[in-house]
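Asks: start.txt is reproduced in full below (compact mmCIF, C-alpha atoms).
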```txt
# COMPACT_ATOMS: atom_id res chain seq x y z
CA MET A 1 -20.72 -215.97 -26.04
CA ALA A 2 -20.36 -212.17 -26.07
CA ILE A 3 -20.36 -210.61 -29.54
CA ASN A 4 -17.16 -208.64 -28.99
CA HIS A 5 -15.38 -211.91 -28.24
CA ARG A 6 -16.11 -213.64 -31.51
CA GLN A 7 -13.33 -213.74 -34.11
CA PHE A 8 -15.72 -213.19 -37.00
CA MET A 9 -16.74 -209.91 -35.37
CA SER A 10 -13.19 -208.61 -35.11
CA GLY A 11 -12.65 -205.48 -37.19
CA LYS A 12 -8.92 -206.12 -37.23
CA ALA A 13 -9.38 -209.60 -38.66
CA LEU A 14 -11.82 -208.30 -41.25
CA SER A 15 -9.49 -205.51 -42.33
CA VAL A 16 -6.47 -207.80 -42.64
CA SER A 17 -8.02 -210.60 -44.65
CA TRP A 18 -11.70 -210.68 -45.49
CA PRO A 19 -13.38 -213.06 -45.35
CA THR A 20 -11.25 -215.78 -43.81
CA ALA A 21 -12.36 -219.41 -43.65
CA VAL A 22 -13.03 -219.07 -39.92
CA GLN A 23 -15.20 -216.00 -40.48
CA VAL A 24 -17.17 -217.75 -43.19
CA ARG A 25 -17.75 -220.71 -40.88
CA HIS A 26 -18.89 -218.47 -38.01
CA TRP A 27 -21.20 -216.49 -40.26
CA SER A 28 -22.69 -219.78 -41.47
CA GLN A 29 -23.39 -220.69 -37.86
CA VAL A 30 -25.01 -217.30 -37.27
CA PHE A 31 -27.23 -217.65 -40.33
CA ARG A 32 -28.14 -221.20 -39.38
CA ALA A 33 -29.11 -220.10 -35.86
CA LEU A 34 -31.10 -217.18 -37.23
CA ARG A 35 -32.87 -219.48 -39.68
CA VAL A 36 -33.82 -221.87 -36.89
CA GLN A 37 -35.20 -219.00 -34.81
CA TRP A 38 -37.27 -217.79 -37.77
CA ILE A 39 -38.64 -221.30 -38.24
CA TYR A 40 -39.62 -221.61 -34.61
CA ARG A 41 -41.14 -218.15 -34.57
CA GLY A 42 -43.22 -219.02 -37.61
CA LEU A 43 -44.33 -222.36 -36.20
CA TYR A 44 -45.33 -220.92 -32.80
CA SER A 45 -47.19 -218.01 -34.33
CA GLY A 46 -49.21 -220.31 -36.56
CA SER A 47 -47.99 -218.73 -39.81
CA PRO A 48 -44.92 -220.62 -40.94
CA LEU A 49 -42.84 -219.34 -43.87
CA PRO A 50 -43.89 -221.19 -47.03
CA GLN A 51 -40.41 -222.17 -48.03
CA LEU A 52 -39.60 -223.42 -44.56
CA ALA A 53 -42.94 -225.16 -43.70
CA SER A 54 -41.61 -228.63 -44.46
CA ALA A 55 -38.37 -228.07 -42.63
CA THR A 56 -37.69 -230.28 -39.66
CA PRO A 57 -37.72 -228.20 -36.51
CA ALA A 58 -34.42 -228.01 -34.76
CA GLN A 59 -33.45 -226.62 -31.41
CA PRO A 60 -31.91 -223.15 -31.74
CA ASP A 61 -28.30 -222.76 -30.88
CA PRO A 62 -28.31 -221.29 -27.38
CA ASP A 63 -24.91 -219.77 -28.11
CA PHE A 64 -26.48 -217.22 -30.45
CA SER A 65 -29.19 -214.78 -29.52
CA VAL A 66 -31.28 -212.73 -31.90
CA PRO A 67 -29.50 -209.47 -31.00
CA GLU A 68 -26.18 -211.17 -31.70
CA CYS A 69 -27.43 -212.35 -35.08
CA VAL A 70 -28.70 -208.87 -35.92
CA ALA A 71 -25.38 -207.38 -34.85
CA ALA A 72 -23.52 -209.91 -37.00
CA LEU A 73 -25.67 -209.05 -40.01
CA GLU A 74 -25.10 -205.35 -39.41
CA MET A 75 -21.35 -205.96 -39.24
CA LEU A 76 -21.52 -208.00 -42.44
CA HIS A 77 -23.47 -205.21 -44.12
CA GLN A 78 -20.89 -202.65 -43.05
CA GLU A 79 -18.04 -204.82 -44.26
CA LEU A 80 -19.75 -205.40 -47.60
CA GLU A 81 -20.19 -201.66 -48.00
CA ARG A 82 -16.53 -201.14 -47.13
CA GLU A 83 -15.44 -203.81 -49.59
CA THR A 84 -17.70 -202.33 -52.26
CA ALA A 85 -16.19 -198.88 -51.70
CA GLN A 86 -12.70 -200.37 -51.88
CA ARG A 87 -13.55 -202.20 -55.08
CA GLN A 88 -14.95 -199.00 -56.61
CA ALA A 89 -11.81 -197.13 -55.53
CA LEU A 90 -9.68 -199.86 -57.12
CA GLU A 91 -11.74 -199.65 -60.32
CA ARG A 92 -11.25 -195.87 -60.40
CA ALA A 93 -7.54 -196.29 -59.76
CA PHE A 94 -7.37 -198.90 -62.51
CA GLN A 95 -9.12 -196.57 -64.96
CA ASP A 96 -6.82 -193.72 -63.91
CA ALA A 97 -3.82 -196.00 -64.46
CA LYS A 98 -5.12 -196.97 -67.91
CA THR A 99 -5.57 -193.31 -68.79
CA ALA A 100 -2.10 -192.45 -67.52
CA LEU A 101 -0.63 -195.37 -69.46
CA ALA A 102 -2.36 -194.26 -72.65
CA GLU A 103 -1.07 -190.71 -72.14
CA ALA A 104 2.44 -192.05 -71.48
CA GLU A 105 2.28 -194.16 -74.65
CA ALA A 106 1.13 -191.12 -76.63
CA ASP A 107 3.97 -189.06 -75.17
CA LEU A 108 6.45 -191.82 -75.98
CA ALA A 109 5.15 -192.00 -79.54
CA CYS A 110 5.64 -188.23 -79.87
CA VAL A 111 9.16 -188.51 -78.50
CA ARG A 112 10.00 -191.34 -80.88
CA SER A 113 8.50 -189.41 -83.77
CA GLY A 114 10.58 -186.41 -82.78
CA GLU A 115 13.70 -188.56 -82.58
CA ARG A 116 13.01 -190.04 -86.03
CA HIS A 117 12.45 -186.55 -87.41
CA ALA A 118 15.67 -185.31 -85.79
CA ARG A 119 17.64 -188.25 -87.21
CA HIS A 120 16.12 -187.64 -90.63
CA GLN A 121 16.98 -183.95 -90.45
CA ALA A 122 20.53 -184.76 -89.40
CA LEU A 123 21.05 -187.07 -92.39
CA HIS A 124 19.13 -185.25 -95.13
CA ASP A 125 19.31 -182.00 -97.04
CA ASP A 126 16.52 -179.52 -96.32
CA LEU A 127 16.30 -178.10 -99.84
CA THR A 128 16.17 -181.30 -101.90
CA ALA A 129 15.27 -183.90 -99.22
CA LEU A 130 18.20 -185.97 -100.48
CA PRO A 131 20.63 -187.66 -98.10
CA ASN A 132 23.48 -185.34 -97.12
CA ARG A 133 27.25 -185.71 -96.90
CA ARG A 134 27.10 -187.20 -93.42
CA HIS A 135 24.65 -189.86 -94.57
CA LEU A 136 26.81 -190.62 -97.60
CA LEU A 137 29.93 -191.10 -95.50
CA GLN A 138 28.06 -193.44 -93.15
CA GLN A 139 26.77 -195.60 -96.00
CA LEU A 140 30.05 -195.46 -97.88
CA GLY A 141 31.98 -196.46 -94.77
CA HIS A 142 29.64 -199.40 -94.26
CA ALA A 143 30.07 -200.50 -97.90
CA LEU A 144 33.86 -200.20 -97.67
CA ALA A 145 33.92 -202.23 -94.45
CA GLN A 146 32.17 -205.08 -96.29
CA HIS A 147 34.54 -204.91 -99.25
CA GLY A 148 36.59 -208.11 -99.45
CA PRO A 149 39.07 -209.58 -101.92
CA ASP A 150 36.31 -211.47 -103.72
CA SER A 151 33.69 -208.71 -103.76
CA THR A 152 33.19 -205.59 -105.83
CA GLY A 153 33.82 -202.38 -103.95
CA PRO A 154 31.59 -199.31 -104.11
CA THR A 155 31.88 -196.63 -106.76
CA VAL A 156 31.35 -192.92 -106.13
CA LEU A 157 30.24 -190.36 -108.71
CA TYR A 158 30.90 -186.74 -107.82
CA LEU A 159 28.79 -184.16 -109.73
CA ASP A 160 29.12 -180.40 -109.93
CA LEU A 161 26.98 -178.02 -112.00
CA ASP A 162 29.07 -175.93 -114.36
CA ASP A 163 28.65 -172.14 -114.06
CA PHE A 164 25.93 -172.47 -111.45
CA LYS A 165 27.11 -169.29 -109.78
CA ALA A 166 26.04 -167.35 -112.85
CA VAL A 167 22.49 -168.68 -112.44
CA ASN A 168 22.33 -167.37 -108.88
CA ASP A 169 23.91 -164.06 -109.77
CA THR A 170 21.64 -163.48 -112.78
CA HIS A 171 18.30 -164.89 -111.67
CA GLY A 172 18.54 -164.95 -107.88
CA HIS A 173 18.77 -167.69 -105.27
CA CYS A 174 15.11 -168.72 -105.57
CA VAL A 175 15.69 -169.74 -109.17
CA GLY A 176 18.99 -171.33 -108.19
CA ASP A 177 17.26 -173.39 -105.48
CA GLU A 178 14.69 -174.60 -108.01
CA VAL A 179 17.52 -175.64 -110.35
CA LEU A 180 19.01 -177.70 -107.51
CA ARG A 181 15.66 -179.34 -106.76
CA ILE A 182 15.13 -180.22 -110.41
CA THR A 183 18.66 -181.58 -110.66
CA ALA A 184 18.10 -183.73 -107.57
CA ALA A 185 14.88 -185.17 -109.01
CA ARG A 186 16.48 -185.92 -112.38
CA LEU A 187 19.48 -187.64 -110.82
CA SER A 188 17.24 -189.75 -108.58
CA ALA A 189 15.16 -190.82 -111.56
CA ALA A 190 18.21 -191.70 -113.68
CA VAL A 191 20.09 -194.03 -111.31
CA ARG A 192 19.22 -197.63 -110.54
CA HIS A 193 16.90 -198.60 -107.69
CA GLY A 194 19.07 -198.91 -104.60
CA ASP A 195 21.71 -196.43 -105.74
CA MET A 196 22.09 -193.46 -103.43
CA VAL A 197 21.88 -189.85 -104.69
CA VAL A 198 23.26 -187.25 -102.28
CA ARG A 199 23.47 -183.50 -102.13
CA LEU A 200 26.88 -182.69 -100.72
CA GLY A 201 26.26 -178.96 -100.48
CA GLY A 202 25.98 -175.98 -102.83
CA ASP A 203 25.72 -177.29 -106.39
CA GLU A 204 27.59 -180.52 -105.64
CA PHE A 205 25.95 -183.94 -105.70
CA ALA A 206 27.18 -187.52 -105.42
CA CYS A 207 25.96 -191.00 -106.30
CA LEU A 208 26.93 -194.12 -104.38
CA LEU A 209 26.82 -197.21 -106.57
CA GLN A 210 27.09 -200.79 -105.38
CA GLY A 211 28.27 -203.74 -107.45
CA VAL A 212 29.45 -201.72 -110.46
CA ALA A 213 33.18 -201.62 -111.18
CA ASP A 214 33.32 -202.04 -114.98
CA ARG A 215 33.94 -198.85 -116.85
CA ALA A 216 31.59 -199.55 -119.76
CA PRO A 217 28.36 -199.49 -117.71
CA LEU A 218 29.71 -196.56 -115.70
CA ARG A 219 30.29 -194.59 -118.90
CA GLN A 220 26.74 -195.38 -119.98
CA LEU A 221 25.37 -194.24 -116.64
CA CYS A 222 27.38 -191.01 -116.70
CA ALA A 223 26.16 -190.26 -120.23
CA LYS A 224 22.60 -190.85 -119.00
CA LEU A 225 23.12 -188.50 -116.07
CA LEU A 226 24.63 -185.83 -118.33
CA ASP A 227 21.66 -186.01 -120.70
CA ALA A 228 19.14 -185.96 -117.84
CA VAL A 229 20.60 -182.91 -116.10
CA SER A 230 21.41 -181.03 -119.32
CA CYS A 231 17.82 -181.02 -120.56
CA PRO A 232 16.30 -177.51 -120.53
CA MET A 233 14.74 -176.49 -117.21
CA LYS A 234 11.63 -174.36 -117.41
CA ILE A 235 11.25 -172.24 -114.29
CA ASP A 236 8.41 -169.72 -114.52
CA SER A 237 9.14 -167.77 -117.70
CA LEU A 238 12.78 -168.85 -117.78
CA GLN A 239 14.30 -171.71 -119.71
CA LEU A 240 17.71 -172.59 -118.35
CA LEU A 241 20.43 -174.95 -119.44
CA VAL A 242 22.89 -176.37 -116.91
CA ARG A 243 25.50 -179.01 -117.51
CA PRO A 244 27.26 -181.13 -114.91
CA SER A 245 30.80 -182.40 -114.66
CA ILE A 246 31.16 -185.88 -113.19
CA GLY A 247 34.10 -187.55 -111.50
CA ILE A 248 34.19 -191.33 -110.99
CA ALA A 249 36.21 -193.16 -108.34
CA ILE A 250 36.18 -196.97 -108.27
CA CYS A 251 37.31 -198.68 -105.09
CA SER A 252 39.61 -201.56 -106.03
CA GLN A 253 41.62 -201.67 -102.81
CA GLN A 254 40.67 -202.87 -99.34
CA ASP A 255 41.05 -200.66 -96.28
CA THR A 256 40.06 -197.56 -98.25
CA ALA A 257 38.58 -194.74 -96.18
CA ALA A 258 35.28 -193.17 -97.16
CA GLU A 259 36.70 -189.64 -97.15
CA ASP A 260 39.56 -190.76 -99.41
CA LEU A 261 37.30 -192.37 -101.99
CA LEU A 262 35.09 -189.28 -102.04
CA ALA A 263 38.18 -187.06 -102.45
CA CYS A 264 39.27 -189.15 -105.44
CA ALA A 265 35.88 -188.71 -107.09
CA ASP A 266 36.12 -184.97 -106.35
CA ALA A 267 39.54 -184.81 -108.00
CA ALA A 268 38.23 -186.65 -111.05
CA MET A 269 35.32 -184.22 -111.26
CA TYR A 270 37.72 -181.26 -111.37
CA ALA A 271 39.65 -183.01 -114.13
CA ALA A 272 36.42 -183.40 -116.12
CA LYS A 273 35.53 -179.77 -115.50
CA ARG A 274 38.93 -178.53 -116.67
CA GLY A 275 38.84 -180.71 -119.76
CA ARG A 276 35.17 -180.00 -120.52
CA SER A 277 34.84 -183.75 -121.06
CA GLY A 278 31.61 -184.25 -119.11
CA PHE A 279 33.00 -187.04 -116.94
CA ALA A 280 36.34 -188.55 -116.03
CA PHE A 281 37.64 -191.55 -114.07
CA TYR A 282 40.10 -191.00 -111.29
CA GLY A 283 43.57 -192.26 -112.35
CA GLU A 284 42.31 -192.90 -115.88
CA SER A 285 45.79 -192.53 -117.34
CA ALA A 286 47.30 -194.93 -114.80
CA ALA A 287 47.55 -198.67 -115.27
CA SER A 288 45.05 -199.28 -112.47
CA GLY A 289 41.75 -197.58 -111.78
CA PHE A 290 42.70 -196.48 -108.28
CA THR A 291 45.86 -195.15 -106.69
CA ALA A 292 46.98 -195.30 -103.07
CA THR A 293 44.59 -193.66 -100.64
CA SER A 294 47.21 -191.28 -99.33
CA SER A 295 47.99 -189.92 -102.78
CA CYS A 296 44.27 -189.89 -103.48
CA SER A 297 43.64 -187.52 -100.58
CA ALA A 298 46.53 -185.34 -101.61
CA HIS A 299 45.27 -185.26 -105.17
CA GLY A 300 41.80 -184.27 -103.99
CA ALA A 301 43.21 -181.48 -101.86
CA SER A 302 45.51 -180.16 -104.62
CA ALA A 303 42.70 -180.26 -107.16
CA ARG A 304 40.66 -177.82 -105.07
CA HIS A 305 43.57 -175.38 -105.02
```
Mind turning this structure into structure tokens?
Replies:
Amino acid sequence: MAINHRQFMSGKALSVSWPTAVQVRHWSQVFRALRVQWIYRGLYSGSPLPQLASATPAQPDPDFSVPECVAALEMLHQELERETAQRQALERAFQDAKTALAEAEADLACVRSGERHARHQALHDDLTALPNRRHLLQQLGHALAQHGPDSTGPTVLYLDLDDFKAVNDTHGHCVGDEVLRITAARLSAAVRHGDMVVRLGGDEFACLLQGVADRAPLRQLCAKLLDAVSCPMKIDSLQLLVRPSIGIAICSQQDTAAEDLLACADAAMYAAKRGRSGFAFYGESAASGFTATSSCSAHGASARH
């Protein structure tokens, strides 16, 4: 049988699927024929191979000649080299893919870190690192949405530093910024764990309280905040005294908007500032602790003017 007519010698078959069962069987026949020829050659030359000396002689397969066996082995060698090269190429591609995946994961981690940083920057104040107004309104809106007839609504404290403009005008904005940072730290240390302290802007701060609607503990908390902020602040060679005014708005109605509740606390803060009382509840003179949200917004707007 001519070598170029054997299926196991077909380059196309080898390149499509290597090795196939037919190719393995044909190669086994080639090796068996070659082994028989080696045995006979050793026997006839008088120097049999040690490992094959006890083998039973068999007639060689006339269908396979020595040149055909050599050609088959050469083809097998070439195919093994080709498969080895392909395997090495696959290993290199696999390593390259692992490297690319690691780089992609690192890039994704950087992107996620950047997104987290951007979200943090969007919801926090640069000077004090406190949550900002936007963050407060988000959290307040969430708390108001959960407020039901059988649950206690949120309470907002609105704080403003009295005569803070004089600090900036007299000592400069660097000193004023340090006063704001100290105030932020003192407020954060004075409230309960879980309460939210916010810098609204300028010298205005707010506290979001959950589960507190009784006026007695709120008065105690406001007195604590007044004492904490009013303690002397030592900044370089200066010793400054600042005092806050605090407005308190308790949510006792459902369907209250976050902006409205904050405006009520703002209005109460202006009432405390005008009366030099330290703190005041919104609607304190009324029978209830909270008026309609529409009048609350109007009151907050009129108080600023």
Asks: Excluding region 136-152 of chain A and any residue of its chain fewer than 6 positions from it, enumerate the residues within 7 Å of it, using all atoms listed in the file, and give them as a PDB file with C-alpha atoms, keeping the file's coordinate frame.
Replies:
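Result saved to around_39.pdb:
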```pdb
ATOM      1  CA  VAL A 198      23.260-187.250-102.280  1.00  0.00           C
ATOM      2  CA  GLY A 211      28.270-203.740-107.450  1.00  0.00           C
ATOM      3  CA  ALA A 213      33.180-201.620-111.180  1.00  0.00           C
ATOM      4  CA  GLN A 254      40.670-202.870 -99.340  1.00  0.00           C
ATOM      5  CA  THR A 256      40.060-197.560 -98.250  1.00  0.00           C
ATOM      6  CA  ALA A 257      38.580-194.740 -96.180  1.00  0.00           C
ATOM      7  CA  ALA A 258      35.280-193.170 -97.160  1.00  0.00           C
TER       8      ALA A 258
END
```
Asks: Counting all atoms listed in the file, select every polymer residue within 6 Å of (27.0, -189.6, -103.8) as defined in the file's coordinates, and provide the selection as a tab-separated table (two decimals) with C-alpha atoms, keeping the file's coordinate frame.
Replies:
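Output saved as result_3.tsv:
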```tsv
chain	number	residue	atom	x	y	z
A	156	VAL	CA	31.35	-192.92	-106.13
A	157	LEU	CA	30.24	-190.36	-108.71
A	197	VAL	CA	21.88	-189.85	-104.69
A	198	VAL	CA	23.26	-187.25	-102.28
A	206	ALA	CA	27.18	-187.52	-105.42
A	207	CYS	CA	25.96	-191.00	-106.30
A	208	LEU	CA	26.93	-194.12	-104.38
```
Asks: Between A:Asp163, A:Gly153, A:His171, A:Val30, single out the one closest to Gln239 (chain A), counting only C-alpha atoms.
Replies: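 For Gln239 (chain A), the nearest of the given residues is A:His171.
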Asks: Could you please determine the separation between CA of Gly201 (chain A) and CA of Arg116 (chain A) in Å, to one decimal place?
Replies: 22.5 Å
Asks: Which of these, A:Asp195, A:Ile248, A:Asp260, A:Leu238, has the shortest distance to Gly283 (chain A) once you count all atoms listed in the file?
Replies: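 Answer, going by the shortest atom-to-atom distance: A:Ile248.
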Asks: From the set A:Arg215, A:His77, A:Arg199, A:Arg119, which residue has the shortest atom-to-atom contact distance to Leu161 (chain A), counting all atoms listed in the file?
Replies: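 So, comparing all the options, the nearest one is A:Arg199.
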Asks: Using only C-alpha atoms, which of the listed residues (A:Ser237, A:Thr155, A:Ser230, A:Gln220) sits closest to Gln253 (chain A)?
Replies: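 Smallest separation from Gln253 (chain A) among the options: A:Thr155.
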Asks: Would you compute the distance between CA of Tyr158 (chain A) and CA of Ala271 (chain A)? Give it in Å to one decimal.
Replies: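 Straight-line distance from CA of Tyr158 (chain A) to CA of Ala271 (chain A) works out to 11.4 Å.
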Asks: Figure out the distance between CA of Ile182 (chain A) and CA of Arg219 (chain A), please, to one decimal in Å.
Replies: 22.5 Å
Asks: Given all atoms listed in the file as the basis, pick out the residue of A:His26, A:His124, A:Arg243, A:Lys224 nearest to Thr183 (chain A).
Replies: A:Arg243
Asks: Please provide the set of residues having any atom within 10 Å of Leu226 (chain A), restricted to all atoms listed in the file, with same-chain residues fewer than 6 positions apart removed, written as a ChimeraX atom specification.
Replies: /A:159,187,190,220,242-246,278-279
Asks: Using only C-alpha atoms, which of the listed residues (A:Leu127, A:Pro217, A:Arg25, A:Ala223) sits closest to Leu180 (chain A)?
Replies: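 Among A:Leu127, A:Pro217, A:Arg25, A:Ala223, it is A:Leu127 that comes nearest to Leu180 (chain A).
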